[in-house]
Every structure is written in structure tokens, then in C-alpha cells.
$ cat start36.txt   # compact mmCIF, C-alpha atoms
# COMPACT_ATOMS: atom_id res chain seq x y z
CA MET A 23 16.70 -9.11 -19.08
CA ILE A 24 18.44 -6.45 -17.02
CA HIS A 25 17.77 -6.45 -13.33
CA SER A 26 19.19 -4.87 -10.22
CA ARG A 27 19.18 -5.94 -6.60
CA ARG A 28 18.80 -3.91 -3.45
CA THR A 29 18.14 -4.61 0.22
CA LEU A 30 15.25 -3.23 2.21
CA LEU A 31 16.64 -0.90 4.84
CA GLY A 32 15.54 -2.08 8.26
CA VAL A 33 13.02 -4.53 6.88
CA GLY A 34 15.41 -7.43 6.38
CA ALA A 35 14.21 -8.76 3.03
CA THR A 36 15.59 -8.46 -0.47
CA VAL A 37 13.85 -6.79 -3.38
CA VAL A 38 14.72 -7.77 -6.92
CA VAL A 39 13.61 -5.26 -9.53
CA PHE A 40 13.00 -6.91 -12.89
CA GLY A 41 13.13 -4.35 -15.66
CA GLY A 42 10.58 -6.08 -17.89
CA ALA A 43 8.39 -7.75 -15.32
CA GLY A 44 6.34 -4.72 -14.36
CA ALA A 45 6.53 -5.42 -10.64
CA LEU A 46 8.81 -5.51 -7.62
CA TYR A 47 9.51 -8.93 -6.17
CA LEU A 48 10.05 -9.44 -2.46
CA ALA A 49 12.18 -12.36 -1.29
CA ARG A 50 12.21 -13.96 2.16
CA PRO A 51 9.24 -12.03 3.58
CA GLY A 52 9.37 -13.92 6.86
CA GLU A 53 12.65 -12.24 7.78
CA ALA A 54 11.16 -8.81 8.37
CA GLN A 55 12.79 -6.73 11.10
CA VAL A 56 11.59 -3.51 12.64
CA ALA A 57 13.31 -0.17 12.66
CA ALA A 58 15.13 1.42 15.56
CA ALA A 59 13.21 2.57 18.61
CA PRO A 60 11.63 6.03 18.40
CA PRO A 61 13.84 8.90 19.58
CA SER A 62 13.67 10.09 23.15
CA GLY A 63 10.92 12.60 23.70
CA ALA A 64 8.72 11.37 20.86
CA SER A 65 4.97 11.46 21.35
CA VAL A 66 3.40 8.38 22.89
CA PRO A 67 2.02 6.25 20.00
CA VAL A 68 -1.68 5.65 19.67
CA PRO A 69 -2.49 1.91 20.08
CA ALA A 70 -2.05 0.19 16.72
CA GLU A 71 -5.05 -2.16 16.87
CA GLY A 72 -7.64 0.28 15.58
CA MET A 73 -5.28 1.70 12.99
CA MET A 74 -4.89 -1.75 11.44
CA ALA A 75 -8.63 -2.08 10.88
CA GLU A 76 -9.69 -2.71 7.30
CA ARG A 77 -9.31 0.19 4.91
CA ALA A 78 -11.73 -0.14 2.01
CA ILE A 79 -14.06 1.67 -0.36
CA GLY A 80 -17.34 0.37 -1.75
CA ARG A 81 -20.42 -1.36 -0.43
CA ALA A 82 -19.91 -4.12 2.12
CA ASP A 83 -22.36 -6.33 0.18
CA ALA A 84 -20.78 -5.80 -3.25
CA PRO A 85 -20.75 -9.06 -5.25
CA VAL A 86 -17.01 -8.86 -5.97
CA VAL A 87 -14.29 -8.11 -3.43
CA VAL A 88 -10.92 -6.95 -4.73
CA ARG A 89 -7.90 -6.83 -2.45
CA GLU A 90 -4.95 -4.74 -3.56
CA PHE A 91 -1.49 -5.36 -2.11
CA PHE A 92 0.64 -2.28 -2.78
CA SER A 93 3.73 -0.37 -1.75
CA LEU A 94 3.73 3.41 -1.64
CA THR A 95 7.15 3.48 -3.34
CA CYS A 96 6.18 1.08 -6.13
CA SER A 97 6.10 2.87 -9.49
CA HIS A 98 3.79 0.21 -10.95
CA CYS A 99 1.33 0.79 -8.11
CA ALA A 100 1.48 4.49 -8.95
CA THR A 101 0.74 3.71 -12.60
CA PHE A 102 -2.35 1.70 -11.65
CA HIS A 103 -3.67 4.37 -9.31
CA ARG A 104 -3.03 7.13 -11.84
CA ASP A 105 -4.30 5.45 -15.00
CA THR A 106 -6.82 2.82 -13.86
CA MET A 107 -8.08 3.54 -10.36
CA PRO A 108 -10.21 6.60 -11.25
CA ARG A 109 -12.37 4.48 -13.57
CA VAL A 110 -12.38 1.58 -11.11
CA LYS A 111 -13.83 3.90 -8.47
CA LYS A 112 -16.36 5.50 -10.81
CA GLU A 113 -17.53 2.49 -12.82
CA LEU A 114 -17.03 -0.45 -10.45
CA VAL A 115 -16.95 0.80 -6.85
CA GLU A 116 -19.48 3.64 -6.93
CA THR A 117 -21.92 1.49 -8.91
CA GLY A 118 -21.91 -1.16 -6.18
CA ARG A 119 -20.16 -3.85 -8.20
CA VAL A 120 -16.89 -3.95 -6.24
CA ARG A 121 -15.65 -3.56 -2.70
CA PHE A 122 -11.98 -2.56 -2.91
CA ILE A 123 -9.79 -3.40 0.10
CA PHE A 124 -6.31 -1.94 0.59
CA HIS A 125 -3.42 -3.97 2.01
CA ASP A 126 -0.14 -2.27 2.88
CA PHE A 127 2.79 -4.25 1.48
CA PRO A 128 5.76 -1.88 2.00
CA LEU A 129 8.90 -2.81 0.12
CA ASP A 130 11.26 -0.40 1.86
CA GLN A 131 11.54 1.87 4.87
CA ILE A 132 10.19 4.90 3.04
CA ALA A 133 7.04 3.01 2.10
CA LEU A 134 6.73 1.67 5.65
CA THR A 135 6.92 5.16 7.12
CA ALA A 136 4.36 6.48 4.63
CA ALA A 137 2.02 3.56 5.39
CA ALA A 138 2.21 4.33 9.11
CA VAL A 139 1.39 7.99 8.47
CA ALA A 140 -1.56 7.01 6.26
CA ARG A 141 -2.98 4.77 8.99
CA HIS A 142 -2.71 7.55 11.57
CA LEU A 143 -5.21 9.55 9.52
CA PRO A 144 -8.97 9.02 9.98
CA ALA A 145 -10.15 5.96 8.06
CA ALA A 146 -12.09 8.11 5.58
CA SER A 147 -8.89 9.98 4.70
CA TYR A 148 -6.80 6.87 4.07
CA GLU A 149 -7.70 6.20 0.43
CA PRO A 150 -7.45 9.83 -0.74
CA PHE A 151 -4.09 10.21 1.02
CA VAL A 152 -2.72 6.97 -0.45
CA GLY A 153 -3.83 8.12 -3.88
CA ALA A 154 -2.12 11.48 -3.41
CA LEU A 155 1.13 9.82 -2.30
CA LEU A 156 1.15 7.48 -5.27
CA ALA A 157 0.44 10.34 -7.64
CA SER A 158 3.36 12.38 -6.32
CA GLN A 159 6.07 9.77 -5.67
CA GLU A 160 8.65 11.74 -7.63
CA ARG A 161 8.19 14.72 -5.33
CA TRP A 162 8.20 13.18 -1.86
CA ALA A 163 9.89 9.77 -2.24
CA PHE A 164 12.37 9.92 -5.11
CA ALA A 165 13.41 13.55 -5.58
CA ARG A 166 17.14 14.13 -5.24
CA GLY A 167 18.45 16.38 -2.52
CA VAL A 168 15.27 16.47 -0.44
CA ASN A 169 14.48 15.20 3.03
CA THR A 170 11.96 12.43 2.46
CA THR A 171 10.43 12.76 5.92
CA ASP A 172 9.94 16.50 5.54
CA GLU A 173 8.34 16.05 2.12
CA LEU A 174 6.03 13.40 3.56
CA ALA A 175 5.14 15.78 6.38
CA LYS A 176 4.08 18.38 3.81
CA MET A 177 1.81 15.83 2.14
CA ALA A 178 0.34 14.87 5.52
CA ALA A 179 -0.29 18.52 6.35
CA LEU A 180 -2.40 18.83 3.20
CA ALA A 181 -4.49 15.96 4.56
CA GLY A 182 -5.03 17.81 7.84
CA MET A 183 -2.31 16.19 9.95
CA GLY A 184 -0.34 18.56 12.18
CA ARG A 185 3.39 18.15 12.71
CA ALA A 186 3.03 16.76 16.24
CA GLN A 187 0.66 14.06 15.01
CA PHE A 188 2.94 13.38 12.06
CA ASP A 189 5.96 12.95 14.33
CA ALA A 190 3.94 10.56 16.51
CA ALA A 191 3.00 8.54 13.44
CA VAL A 192 6.61 8.30 12.27
CA ALA A 193 7.69 7.22 15.77
CA ASP A 194 4.89 4.67 16.18
CA GLN A 195 6.97 1.50 16.43
CA ALA A 196 4.00 -0.65 17.40
CA LEU A 197 2.14 0.29 14.24
CA ARG A 198 5.22 -0.33 12.07
CA THR A 199 5.50 -3.79 13.58
CA GLU A 200 1.83 -4.52 12.87
CA ILE A 201 2.16 -3.34 9.27
CA LEU A 202 5.14 -5.65 8.74
CA LYS A 203 3.27 -8.53 10.38
CA GLY A 204 0.38 -7.89 8.02
CA ARG A 205 2.73 -7.84 5.04
CA ASP A 206 4.29 -11.15 6.02
CA GLU A 207 0.89 -12.69 6.69
CA SER A 208 -0.23 -11.59 3.23
CA ALA A 209 2.83 -13.27 1.74
CA ARG A 210 2.02 -16.51 3.54
CA THR A 211 -1.76 -16.50 3.13
CA TRP A 212 -2.16 -15.11 -0.37
CA GLY A 213 1.25 -15.89 -1.85
CA ILE A 214 1.94 -12.22 -2.49
CA ASP A 215 5.43 -11.64 -3.88
CA SER A 216 5.04 -8.52 -6.01
CA THR A 217 3.25 -5.21 -6.12
CA PRO A 218 0.70 -4.39 -7.17
CA THR A 219 -1.08 -7.71 -6.77
CA PHE A 220 -4.86 -8.10 -6.73
CA VAL A 221 -6.91 -10.94 -5.26
CA LEU A 222 -10.50 -11.19 -6.51
CA ASN A 223 -13.36 -13.06 -4.88
CA GLY A 224 -16.91 -13.39 -6.15
CA PRO A 225 -19.45 -15.95 -7.36
CA GLY A 226 -17.24 -16.76 -10.33
CA ALA A 227 -13.82 -16.69 -8.67
CA LYS A 228 -12.16 -17.77 -5.45
CA ASN A 229 -8.91 -16.09 -4.49
CA GLN A 230 -8.03 -15.28 -8.10
CA LYS A 231 -4.60 -13.62 -7.95
CA VAL A 232 -3.31 -11.30 -10.68
CA ALA A 233 -0.29 -9.02 -10.67
CA GLY A 234 0.76 -5.87 -12.43
CA ALA A 235 -0.63 -2.42 -13.24
CA ARG A 236 -3.64 -3.60 -15.23
CA ALA A 237 -5.36 -1.31 -17.70
CA PHE A 238 -9.01 -0.62 -16.93
CA ASP A 239 -10.50 -2.84 -19.65
CA ASP A 240 -8.43 -5.79 -18.47
CA PHE A 241 -9.28 -5.08 -14.83
CA ALA A 242 -13.01 -4.78 -15.61
CA ARG A 243 -12.86 -8.08 -17.47
CA LEU A 244 -11.39 -9.77 -14.39
CA VAL A 245 -14.12 -8.27 -12.23
CA GLN A 246 -16.80 -9.49 -14.65
CA GLN A 247 -15.35 -12.99 -14.53
CA ALA A 248 -15.32 -12.89 -10.72
CA ALA A 249 -18.95 -11.77 -10.74
CA GLY A 250 -19.89 -14.97 -12.59
$ encode --input "start36.txt" --output "C-alpha cells"
Amino acid sequence: MIHSRRTLLGVGATVVVFGGAGALYLARPGEAQVAAAPPSGASVPVPAEGMMAERAIGRADAPVVVREFFSLTCSHCATFHRDTMPRVKKELVETGRVRFIFHDFPLDQIALTAAAVARHLPAASYEPFVGALLASQERWAFARGVNTTDELAKMAALAGMGRAQFDAAVADQALRTEILKGRDESARTWGIDSTPTFVLNGPGAKNQKVAGARAFDDFARLVQQAAG
């Protein structure tokens, strides 16, 4: 099996990309470090507490709760959101069967910045924006010869975020720290070490953890099992 190794810039953990595993694996999550302080003259950040409130879609009393741990620069997360998530939303969430909760699990600085921008948007805009970012990774995150921050700003503008608000989101060190704390807590509490990972809870399952970009039929089967 061919694999490569790279280090998370400013996050302080190591990612090992396994070519055949279908996921990115994060080592030593407890060693996370934060990025440099925001530049002089940046907008004063909005307090991070409210921005870290739960981001979810679906009824609060749905019988099955699915938690997704994802990174906005994970190609396997993009595959799931492109190929599977539309049917999950239509057939499982909108029908009241599933409450789907999003957990930021950034694997590099680009994903961390994008997660901070997403959480600066109104809560109702979070899921559509995350979906748009995952659907267009090749344009804003991985394209050669482009400024990643500027490309992300263009995506944010389409979601209604002005440049001043965008710059404040990028400079929001407190929020970045809270996102990294949440990521490390997820690693400790749920044993998350790859993205995407899903944790299902329902009458028929307790903290059932599955990884990888599951096809819809497989995902629906897991939900049915969790429903009991």
C-alpha cells in the first residue's frame, strides 16, 4: 500500500494519507497548537461561545442521531456530501428519521480557516455553506496558483458574508482555538481518528462508529439498524 506523510501546518499533529483506506488519519490529536495571532488592525472577533453551538439539521426528536466528523479539505468527505448527502437529507432527515449533527474536525490550516468562516455565518447558513465548500474543493482549496484565502472569500461572499466580516472570521483566534479544542475532545471522547467518521445513536445502537464515504444504501442500512 502506498502512503504519504505530511504535517498539519500550525496544528501540530501528523496526517497519514493511506491510498487505499478511503480516509485521512490524524495522529497525536492532543498536540494541537493554534496559529499566529491576528494581524494588527484586524476586526475584533465576535465571542466564540455562540459560534460553537451545535450545528445540525433534522428534528430534535428524531429517533436516530447521526454525528459526522469531517474536514473541509478531506476528499472523502466531499465524496460523501456529493454522492450520498442529498439522499440522506431528502429520505432520512426531511422525513424525520434522522437528526444530523456536524462536527468540525479540521486536518490542516486551510480546513481550520474554512471552518471558522462557516461558523461566523448564521446557523441556518452553516450546512449549505459547508456543502458548497465540499462540492468545490478543487476550486478554492486545491487549485494551483490561486490564493486560498481569496478563493474562500469569494465563496463566503456568495453566502452573504462581506469582506470585513470574512476578515474578522479569518482573524478570530478565539474561535480557531475552540474548534481545535472540539476536535481534540472528539478524538478523546469518540475515538475519532479519520474523516469522515459517523457516530450513530438510536434505540438499536449506542455510539456506533463507522468511517468512510458510505454509499446511500449502506448508510440507510446503518440508520435502520440504529432505529432498532
$ closest_residue --input "start36.txt" --among "A:Ala193, A:Leu156, A:Ala163, A:Val221" --to "Glu90 (chain A)" --atoms "all atoms listed in the file"
A:Val221
$ atom_distance --input "start36.txt" --atom1 "CA of His98 (chain A)" --atom2 "CA of Gln131 (chain A)"
17.7 Å
$ atom_distance --input "start36.txt" --atom1 "CA of Leu197 (chain A)" --atom2 "CA of Ala100 (chain A)"
23.6 Å
$ atom_distance --input "start36.txt" --atom1 "CA of Ala78 (chain A)" --atom2 "CA of Val192 (chain A)"
22.6 Å
$ residues_around --input "start36.txt" --residues "Ala191 (chain A)" --least-positions-apart "2" --cutoff "8 Å" --atoms "all atoms listed in the file" --output "list in words"
Pro67, Ala138, Val139, His142, Gln187, Phe188, Asp189, Ala193 and Asp194 of chain A
$ write_last_selection --input "start36.txt" --atoms "C-alpha atoms" --output "CSV table (one decimal), keeping the file's coordinate frame"
chain,number,residue,atom,x,y,z
A,67,PRO,CA,2.0,6.2,20.0
A,138,ALA,CA,2.2,4.3,9.1
A,139,VAL,CA,1.4,8.0,8.5
A,142,HIS,CA,-2.7,7.6,11.6
A,187,GLN,CA,0.7,14.1,15.0
A,188,PHE,CA,2.9,13.4,12.1
A,189,ASP,CA,6.0,13.0,14.3
A,193,ALA,CA,7.7,7.2,15.8
A,194,ASP,CA,4.9,4.7,16.2
$ closest_residue --input "start36.txt" --among "A:Arg210, A:Arg198, A:Arg81, A:Arg243" --to "Ala133 (chain A)" --atoms "all atoms listed in the file"
A:Arg198
